[in-house]
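A.B. asks: Got a file for you: query-v9.txt, compact mmCIF, C-alpha atoms.
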```txt
# COMPACT_ATOMS: atom_id res chain seq x y z
CA MET T 11 -70.37 -24.79 -125.49
CA PHE T 12 -68.84 -21.95 -127.54
CA LYS T 13 -71.96 -19.90 -128.03
CA LYS T 14 -75.50 -19.83 -126.79
CA ILE T 15 -78.50 -18.40 -128.63
CA LEU T 16 -81.46 -17.50 -126.47
CA HIS T 17 -84.67 -17.38 -128.48
CA HIS T 18 -86.35 -14.02 -128.42
CA ARG T 19 -89.36 -13.69 -126.19
CA ALA T 20 -91.60 -10.68 -125.82
CA ALA T 21 -90.56 -8.64 -122.83
CA SER T 22 -91.18 -5.10 -121.70
CA ALA T 23 -88.07 -2.97 -121.42
CA GLU T 24 -87.57 0.73 -121.06
CA ASP T 25 -85.64 2.76 -123.58
CA CYS T 26 -81.86 2.71 -123.05
CA ALA T 27 -81.02 6.34 -123.84
CA GLY T 28 -81.82 5.78 -127.52
CA LEU T 29 -79.13 3.13 -127.96
CA CYS T 30 -79.42 -0.64 -128.20
CA CYS T 31 -78.41 -2.21 -124.95
CA THR T 32 -78.55 -5.35 -122.87
CA LYS T 33 -79.92 -4.85 -119.38
CA ILE T 34 -78.77 -7.19 -116.61
CA GLU T 35 -81.25 -6.54 -113.84
CA ASP T 36 -80.82 -7.63 -110.22
CA PHE T 37 -78.78 -10.75 -111.02
CA SER T 38 -77.93 -12.93 -108.03
CA VAL T 39 -76.44 -16.42 -107.74
CA LYS T 40 -76.55 -18.46 -104.55
CA ILE T 41 -75.16 -21.96 -104.09
CA GLY T 42 -76.51 -23.52 -100.92
CA ARG T 43 -76.17 -20.81 -98.31
CA THR T 44 -73.30 -19.09 -100.10
CA ASP T 45 -73.89 -15.90 -102.10
CA ILE T 46 -71.64 -16.01 -105.16
CA PHE T 47 -72.76 -12.51 -106.07
CA SER T 48 -75.93 -10.50 -105.47
CA HIS T 49 -78.01 -7.66 -106.91
CA VAL T 50 -75.87 -6.99 -109.99
CA ASN T 51 -77.34 -4.37 -112.33
CA LEU T 52 -75.54 -3.50 -115.58
CA HIS T 53 -76.47 -1.74 -118.81
CA ILE T 54 -74.24 -2.89 -121.67
CA HIS T 55 -74.55 -0.59 -124.70
CA CYS T 56 -73.83 -1.52 -128.30
CA GLY T 57 -70.49 -0.39 -129.64
CA GLN T 58 -68.94 -0.43 -126.18
CA LEU T 59 -66.56 -2.75 -124.36
CA THR T 60 -67.37 -3.22 -120.69
CA ALA T 61 -64.59 -4.82 -118.64
CA ILE T 62 -65.35 -6.64 -115.41
CA ILE T 63 -62.49 -6.77 -112.93
CA GLY T 64 -62.22 -8.09 -109.40
CA PRO T 65 -60.26 -10.43 -107.14
CA ASN T 66 -60.36 -14.21 -107.46
CA GLY T 67 -63.66 -15.56 -106.21
CA ALA T 68 -65.49 -12.29 -106.90
CA GLY T 69 -68.09 -14.03 -109.10
CA LYS T 70 -66.93 -12.73 -112.50
CA SER T 71 -66.99 -15.97 -114.51
CA THR T 72 -70.13 -17.12 -112.72
CA LEU T 73 -71.83 -13.90 -113.84
CA LEU T 74 -71.06 -14.74 -117.48
CA ARG T 75 -72.36 -18.28 -116.99
CA ALA T 76 -75.54 -16.86 -115.45
CA ILE T 77 -75.99 -14.56 -118.46
CA LEU T 78 -75.57 -17.62 -120.71
CA GLY T 79 -78.22 -19.44 -118.69
CA GLU T 80 -75.81 -22.14 -117.55
CA VAL T 81 -76.10 -21.25 -113.85
CA SER T 82 -79.34 -20.89 -111.91
CA HIS T 83 -79.88 -17.29 -110.91
CA THR T 84 -82.47 -14.71 -110.02
CA GLY T 85 -82.92 -11.52 -112.00
CA THR T 86 -83.77 -10.77 -115.62
CA LEU T 87 -81.93 -10.20 -118.89
CA HIS T 88 -83.44 -7.85 -121.48
CA TYR T 89 -82.30 -6.59 -124.86
CA VAL T 90 -83.57 -3.47 -126.62
CA ASP T 91 -82.37 -2.40 -130.06
CA ALA T 92 -81.97 1.22 -131.14
CA LYS T 93 -85.42 1.39 -132.73
CA GLY T 94 -87.21 -0.80 -130.21
CA LYS T 95 -88.02 -3.43 -132.85
CA HIS T 96 -86.10 -6.28 -131.28
CA THR T 97 -86.76 -6.69 -127.60
CA GLY T 98 -86.41 -9.66 -125.30
CA HIS T 99 -83.33 -11.82 -124.92
CA PRO T 100 -80.14 -11.00 -126.85
CA ILE T 101 -78.25 -13.30 -129.17
CA LEU T 102 -75.13 -14.22 -127.19
CA GLY T 103 -71.61 -15.11 -128.30
CA TYR T 104 -69.15 -16.64 -125.84
CA VAL T 105 -65.38 -17.15 -125.88
CA PRO T 106 -64.12 -19.26 -122.94
CA GLN T 107 -60.75 -18.89 -121.29
CA TYR T 108 -59.56 -22.18 -122.77
CA LEU T 109 -60.79 -25.28 -124.57
CA ARG T 110 -60.13 -28.76 -123.25
CA PHE T 111 -59.43 -31.26 -126.04
CA ASP T 112 -57.02 -34.03 -127.02
CA VAL T 113 -54.11 -32.23 -128.69
CA SER T 114 -53.17 -35.45 -130.51
CA SER T 115 -56.60 -35.62 -132.19
CA PRO T 116 -56.69 -35.14 -135.98
CA THR T 117 -59.65 -32.76 -135.58
CA SER T 118 -59.19 -29.67 -137.75
CA VAL T 119 -60.55 -26.15 -137.48
CA MET T 120 -62.97 -26.98 -140.28
CA ASP T 121 -64.15 -30.05 -138.34
CA ILE T 122 -64.91 -28.07 -135.19
CA PHE T 123 -66.90 -25.51 -137.17
CA MET T 124 -68.92 -28.24 -138.86
CA ALA T 125 -69.63 -29.87 -135.51
CA CYS T 126 -70.77 -26.58 -133.95
CA LEU T 127 -72.69 -25.02 -136.83
CA SER T 128 -74.56 -28.04 -138.18
CA THR T 129 -77.39 -29.99 -136.57
CA ARG T 130 -76.37 -33.08 -138.54
CA PRO T 131 -73.50 -35.47 -137.74
CA VAL T 132 -70.22 -34.22 -139.20
CA TRP T 133 -69.86 -37.26 -141.49
CA LEU T 134 -73.22 -36.44 -143.10
CA CYS T 135 -72.40 -32.77 -143.77
CA SER T 136 -71.06 -31.40 -147.02
CA SER T 137 -67.81 -29.63 -146.23
CA LYS T 138 -67.99 -27.98 -149.66
CA ASN T 139 -71.24 -26.20 -148.79
CA MET T 140 -70.00 -25.25 -145.31
CA ARG T 141 -66.50 -24.14 -146.32
CA SER T 142 -67.41 -20.68 -147.62
CA ARG T 143 -69.32 -19.94 -144.41
CA VAL T 144 -66.39 -21.06 -142.27
CA LEU T 145 -63.93 -18.99 -144.33
CA LYS T 146 -66.13 -15.91 -143.90
CA ASN T 147 -66.15 -16.39 -140.12
CA LEU T 148 -62.40 -16.95 -139.94
CA THR T 149 -61.74 -13.92 -142.17
CA ARG T 150 -63.46 -11.73 -139.58
CA VAL T 151 -60.71 -12.69 -137.13
CA LYS T 152 -57.83 -12.69 -139.64
CA SER T 153 -57.50 -16.48 -139.44
CA GLU T 154 -58.78 -17.86 -142.75
CA HIS T 155 -55.40 -19.53 -143.31
CA LEU T 156 -56.11 -21.80 -140.32
CA ILE T 157 -59.17 -23.54 -141.79
CA ASP T 158 -57.40 -26.87 -142.43
CA ARG T 159 -55.00 -26.66 -139.49
CA ARG T 160 -55.23 -29.36 -136.83
CA LEU T 161 -56.52 -27.95 -133.52
CA GLY T 162 -53.60 -29.41 -131.60
CA ALA T 163 -51.17 -27.55 -133.86
CA LEU T 164 -52.61 -24.11 -133.12
CA SER T 165 -50.87 -21.63 -130.87
CA GLY T 166 -52.80 -20.25 -127.91
CA GLY T 167 -53.59 -17.04 -129.77
CA GLU T 168 -54.68 -18.89 -132.91
CA LEU T 169 -57.01 -21.15 -130.94
CA GLN T 170 -58.63 -18.18 -129.20
CA ARG T 171 -59.23 -16.47 -132.55
CA VAL T 172 -60.88 -19.65 -133.83
CA LEU T 173 -63.14 -19.71 -130.77
CA LEU T 174 -63.92 -16.04 -131.37
CA ALA T 175 -64.86 -16.82 -134.98
CA LEU T 176 -67.24 -19.52 -133.72
CA ALA T 177 -68.84 -17.06 -131.31
CA LEU T 178 -69.54 -14.70 -134.23
CA ASP T 179 -71.88 -17.08 -136.08
CA PRO T 180 -74.51 -15.68 -135.91
CA ILE T 181 -73.34 -12.16 -135.12
CA PRO T 182 -74.30 -11.72 -131.46
CA ASP T 183 -75.97 -8.76 -129.81
CA LEU T 184 -73.69 -9.34 -126.82
CA LEU T 185 -70.24 -10.95 -126.94
CA LEU T 186 -68.88 -12.46 -123.71
CA LEU T 187 -65.11 -12.85 -123.35
CA ASP T 188 -63.89 -14.75 -120.29
CA GLU T 189 -60.14 -14.11 -119.88
CA PRO T 190 -59.75 -14.79 -123.63
CA VAL T 191 -56.01 -14.15 -123.87
CA SER T 192 -54.81 -15.82 -120.69
CA GLY T 193 -51.46 -17.45 -121.53
CA VAL T 194 -51.35 -15.94 -125.05
CA ASP T 195 -48.05 -14.33 -126.15
CA GLN T 196 -47.76 -10.57 -126.69
CA ASN T 197 -48.21 -10.69 -130.46
CA GLY T 198 -51.31 -12.86 -130.17
CA LEU T 199 -52.67 -10.63 -127.42
CA GLU T 200 -52.29 -7.44 -129.48
CA LEU T 201 -53.87 -9.06 -132.55
CA PHE T 202 -56.82 -10.37 -130.53
CA TYR T 203 -57.64 -6.94 -129.12
CA GLU T 204 -57.15 -5.31 -132.50
CA ILE T 205 -59.76 -7.70 -133.90
CA VAL T 206 -62.14 -7.06 -130.98
CA ALA T 207 -61.84 -3.29 -131.50
CA ASP T 208 -62.58 -3.74 -135.20
CA LEU T 209 -65.65 -5.88 -134.45
CA ARG T 210 -66.93 -3.35 -131.95
CA ALA T 211 -66.67 -0.58 -134.53
CA LYS T 212 -67.91 -2.41 -137.64
CA GLU T 213 -70.65 -4.53 -136.06
CA ASP T 214 -71.66 -2.02 -133.35
CA MET T 215 -71.32 -4.94 -130.95
CA ALA T 216 -71.71 -4.86 -127.17
CA ILE T 217 -68.89 -6.73 -125.43
CA ILE T 218 -68.30 -7.86 -121.86
CA LEU T 219 -64.70 -8.74 -121.07
CA ILE T 220 -63.35 -10.39 -117.93
CA SER T 221 -59.67 -9.69 -117.45
CA HIS T 222 -57.04 -9.58 -114.72
CA ASP T 223 -54.76 -7.43 -116.91
CA LEU T 224 -55.58 -3.96 -115.69
CA ASN T 225 -53.34 -2.25 -118.23
CA LEU T 226 -55.24 -3.90 -121.08
CA VAL T 227 -58.53 -2.92 -119.47
CA ALA T 228 -57.37 0.69 -119.15
CA ARG T 229 -56.35 0.76 -122.82
CA HIS T 230 -59.35 -0.94 -124.40
CA ALA T 231 -62.44 -0.62 -122.18
CA ASP T 232 -65.07 2.08 -122.46
CA LYS T 233 -66.50 1.14 -119.08
CA VAL T 234 -65.08 -0.78 -116.13
CA VAL T 235 -67.05 -2.60 -113.44
CA LEU T 236 -65.36 -3.66 -110.22
CA LEU T 237 -67.17 -6.76 -108.97
CA ASN T 238 -66.57 -8.37 -105.60
CA LYS T 239 -69.72 -10.34 -104.75
CA LYS T 240 -71.58 -7.17 -105.76
CA VAL T 241 -70.84 -4.16 -107.96
CA ILE T 242 -68.43 -2.03 -105.93
CA VAL T 243 -67.90 0.77 -108.46
CA SER T 244 -68.41 1.30 -112.20
CA GLY T 245 -67.49 4.05 -114.63
CA THR T 246 -64.74 5.00 -117.04
CA PRO T 247 -61.33 3.34 -116.57
CA GLN T 248 -59.98 6.54 -115.07
CA GLU T 249 -62.88 6.81 -112.62
CA VAL T 250 -62.66 3.20 -111.48
CA PHE T 251 -58.88 2.98 -111.22
CA SER T 252 -58.68 6.22 -109.24
CA ASP T 253 -61.40 5.09 -106.82
CA GLU T 254 -60.17 4.29 -103.31
CA ARG T 255 -62.19 1.06 -103.22
CA THR T 256 -60.32 -0.21 -106.29
CA ARG T 257 -57.00 0.72 -104.72
CA GLU T 258 -57.90 -1.20 -101.57
CA ILE T 259 -58.42 -4.38 -103.60
CA PHE T 260 -55.59 -4.08 -106.13
CA GLY T 261 -53.05 -1.95 -104.29
CA MET T 262 -51.78 1.41 -105.46
CA LEU T 263 -52.15 0.55 -109.20
CA ALA T 264 -48.99 2.51 -109.88
CA GLY T 265 -48.40 0.78 -113.21
CA VAL T 266 -51.88 1.22 -114.63
CA SER T 267 -52.31 4.07 -117.10
CA THR T 268 -55.67 5.30 -118.28
CA GLU T 269 -56.37 6.23 -121.90
CA SER T 270 -55.66 9.86 -121.15
CA GLY T 271 -52.12 8.88 -120.23
CA VAL T 272 -52.63 9.76 -116.56
CA LYS T 273 -51.50 7.00 -114.24
CA ALA T 274 -54.11 5.83 -111.78
```
Write out the structure in this file as structure tokens.

C.D. replies:
Amino acid sequence: MFKKILHHRAASAEDCAGLCCTKIEDFSVKIGRTDIFSHVNLHIHCGQLTAIIGPNGAGKSTLLRAILGEVSHTGTLHYVDAKGKHTGHPILGYVPQYLRFDVSSPTSVMDIFMACLSTRPVWLCSSKNMRSRVLKNLTRVKSEHLIDRRLGALSGGELQRVLLALALDPIPDLLLLDEPVSGVDQNGLELFYEIVADLRAKEDMAIILISHDLNLVARHADKVVLLNKKVIVSGTPQEVFSDERTREIFGMLAGVSTESGVKA
């Protein structure tokens, strides 16, 4: 599933410093007797990119799946807009790390949009009526030229931009990116993050990014959360990368530079 929309339900939520925000409150996931992660509390503000880092098995991807409602968990998810008019559950957009499909299939980008955005079978939909909507979504991610391209002919970066375009219909309150550029070449990586920065600014969108690329996190994130079964430390990139607990997990981080240009 590329995106998940949670219908709004009335819920009490305190003001988030005057800004719209998504509040992840006391999230825990347990499978059998094993704690995947526990007591995670995060405030994700609009217009900000929050990066979640941590070692393998820390619970990062499971946290996103719990936010999406795909994994049983305890805790609550609240959304509050800047004026307090929209409260409850946020509209979520999700970009997975990869998409499994038959690369020899004739399925096009247009086909996948029609399948995801329509409640009717693809063969009963009017591609003419849907085409302008699909082009608008692809234009947001600088990929309108891909509309008739076969999925199997897309590069890794092109496919991830198509998945991002799908996650933006409707525009989400919170966009979840799970290692979205893993295996993407340098040009595709730079373009993807350029697009994400543009979306954050123009749409005032809250974004959670999971990434193992600490240099990218240092360059693009407003806030960093180190997760290892629980939140170990959170703050600005400079604060997190200079924290001794981060160094213990990732080593000396000699190659990671914060936005200020100071190496952590």

A.B. asks: How far is it from CA of Leu187 (chain T) to CA of Leu109 (chain T), in Å with one decimal?

C.D. replies: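 So the answer is 13.2 Å.
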
A.B. asks: Could you name the residues that touch region 119-127 of chain T at 7 Å or less, counting only C-alpha atoms, but leaving out those on the same chain fewer than 2 positions away, as a count of residues only?

C.D. replies: 11

A.B. asks: For a test of reading the model, state the distance in Å between CA of Asp253 (chain T) and CA of Val234 (chain T), rounded to one decimal.

C.D. replies: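 CA of Val234 (chain T) lies at a distance of 11.6 Å from CA of Asp253 (chain T).
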
A.B. asks: Got a sec: who's within 9 Å of Gln58 (chain T), counting all atoms listed in the file, leaving out chain neighbours fewer than 6 positions off, as a CSV table (one decimal) with C-alpha atoms, in the coordinates of the input?

C.D. replies:
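Listed below is the output, part_22.csv:
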```csv
chain,number,residue,atom,x,y,z
T,210,ARG,CA,-66.9,-3.4,-132.0
T,211,ALA,CA,-66.7,-0.6,-134.5
T,214,ASP,CA,-71.7,-2.0,-133.4
T,215,MET,CA,-71.3,-4.9,-131.0
T,216,ALA,CA,-71.7,-4.9,-127.2
T,217,ILE,CA,-68.9,-6.7,-125.4
T,218,ILE,CA,-68.3,-7.9,-121.9
T,231,ALA,CA,-62.4,-0.6,-122.2
T,232,ASP,CA,-65.1,2.1,-122.5
T,233,LYS,CA,-66.5,1.1,-119.1
```

A.B. asks: Record the distance separating CA of Tyr108 (chain T) and CA of Asp195 (chain T), expressed in Å with one decimal.

C.D. replies: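 Going from CA of Tyr108 (chain T) over to CA of Asp195 (chain T) covers 14.3 Å.
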
A.B. asks: Write out as a ChimeraX atom specification each polymer residue whose atoms come within 12 Å of Ala177 (chain T), counting all atoms listed in the file; drop sequence neighbours fewer than 4 positions from it.

C.D. replies: /T:11-15,101-106,123,126-127,144,147-148,150-151,170-173,181-187,217

A.B. asks: List as a list in words the protein and nucleic acid residues near Ile205 (chain T), meaning an atom at most 8 Å away when only C-alpha atoms are counted, but skip any in the same chain fewer than 2 places from it.

C.D. replies: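 Everything that qualifies: Arg150, Val151, Lys152, Leu201, Phe202, Tyr203, Ala207, Asp208 and Leu209 of chain T.
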
A.B. asks: What would the file look like if the residues just selected were written as a PDB file, in the frame of the given file with C-alpha atoms?

C.D. replies:
```pdb
ATOM      1  CA  ARG T 150     -63.460 -11.730-139.580  1.00  0.00           C
ATOM      2  CA  VAL T 151     -60.710 -12.690-137.130  1.00  0.00           C
ATOM      3  CA  LYS T 152     -57.830 -12.690-139.640  1.00  0.00           C
ATOM      4  CA  LEU T 201     -53.870  -9.060-132.550  1.00  0.00           C
ATOM      5  CA  PHE T 202     -56.820 -10.370-130.530  1.00  0.00           C
ATOM      6  CA  TYR T 203     -57.640  -6.940-129.120  1.00  0.00           C
ATOM      7  CA  ALA T 207     -61.840  -3.290-131.500  1.00  0.00           C
ATOM      8  CA  ASP T 208     -62.580  -3.740-135.200  1.00  0.00           C
ATOM      9  CA  LEU T 209     -65.650  -5.880-134.450  1.00  0.00           C
TER      10      LEU T 209
END
```

A.B. asks: For region 65-77 of chain T, list every protein, DNA or RNA residue within 6 Å, evaluated using all atoms listed in the file, and leave out those in the same chain fewer than 6 positions away; present the list as a PDB file with C-alpha atoms, in the coordinates of the input.

C.D. replies:
```
ATOM      1  CA  ILE T  46     -71.640 -16.010-105.160  1.00  0.00           C
ATOM      2  CA  PHE T  47     -72.760 -12.510-106.070  1.00  0.00           C
ATOM      3  CA  ASN T 238     -66.570  -8.370-105.600  1.00  0.00           C
ATOM      4  CA  LYS T 239     -69.720 -10.340-104.750  1.00  0.00           C
TER       5      LYS T 239
END
```

A.B. asks: Once you add 4 Å to each side, what are the centre and edge lengths of the axis-aligned box holding all listed atoms of region 101-116 of chain T? One decimal in Å, as JSON, if you can.

C.D. replies:
```
{"center_x": -65.7, "center_y": -24.5, "center_z": -128.6, "size_x": 33.1, "size_y": 30.3, "size_z": 22.7}
```

A.B. asks: Kindly indicate which residue among T:Leu145, T:Leu237, T:Ala228, T:Val191 lies nearest to Phe251 (chain T), using all atoms listed in the file for the distances.

C.D. replies: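 That would be T:Ala228, the residue with the smallest distance to Phe251 (chain T).
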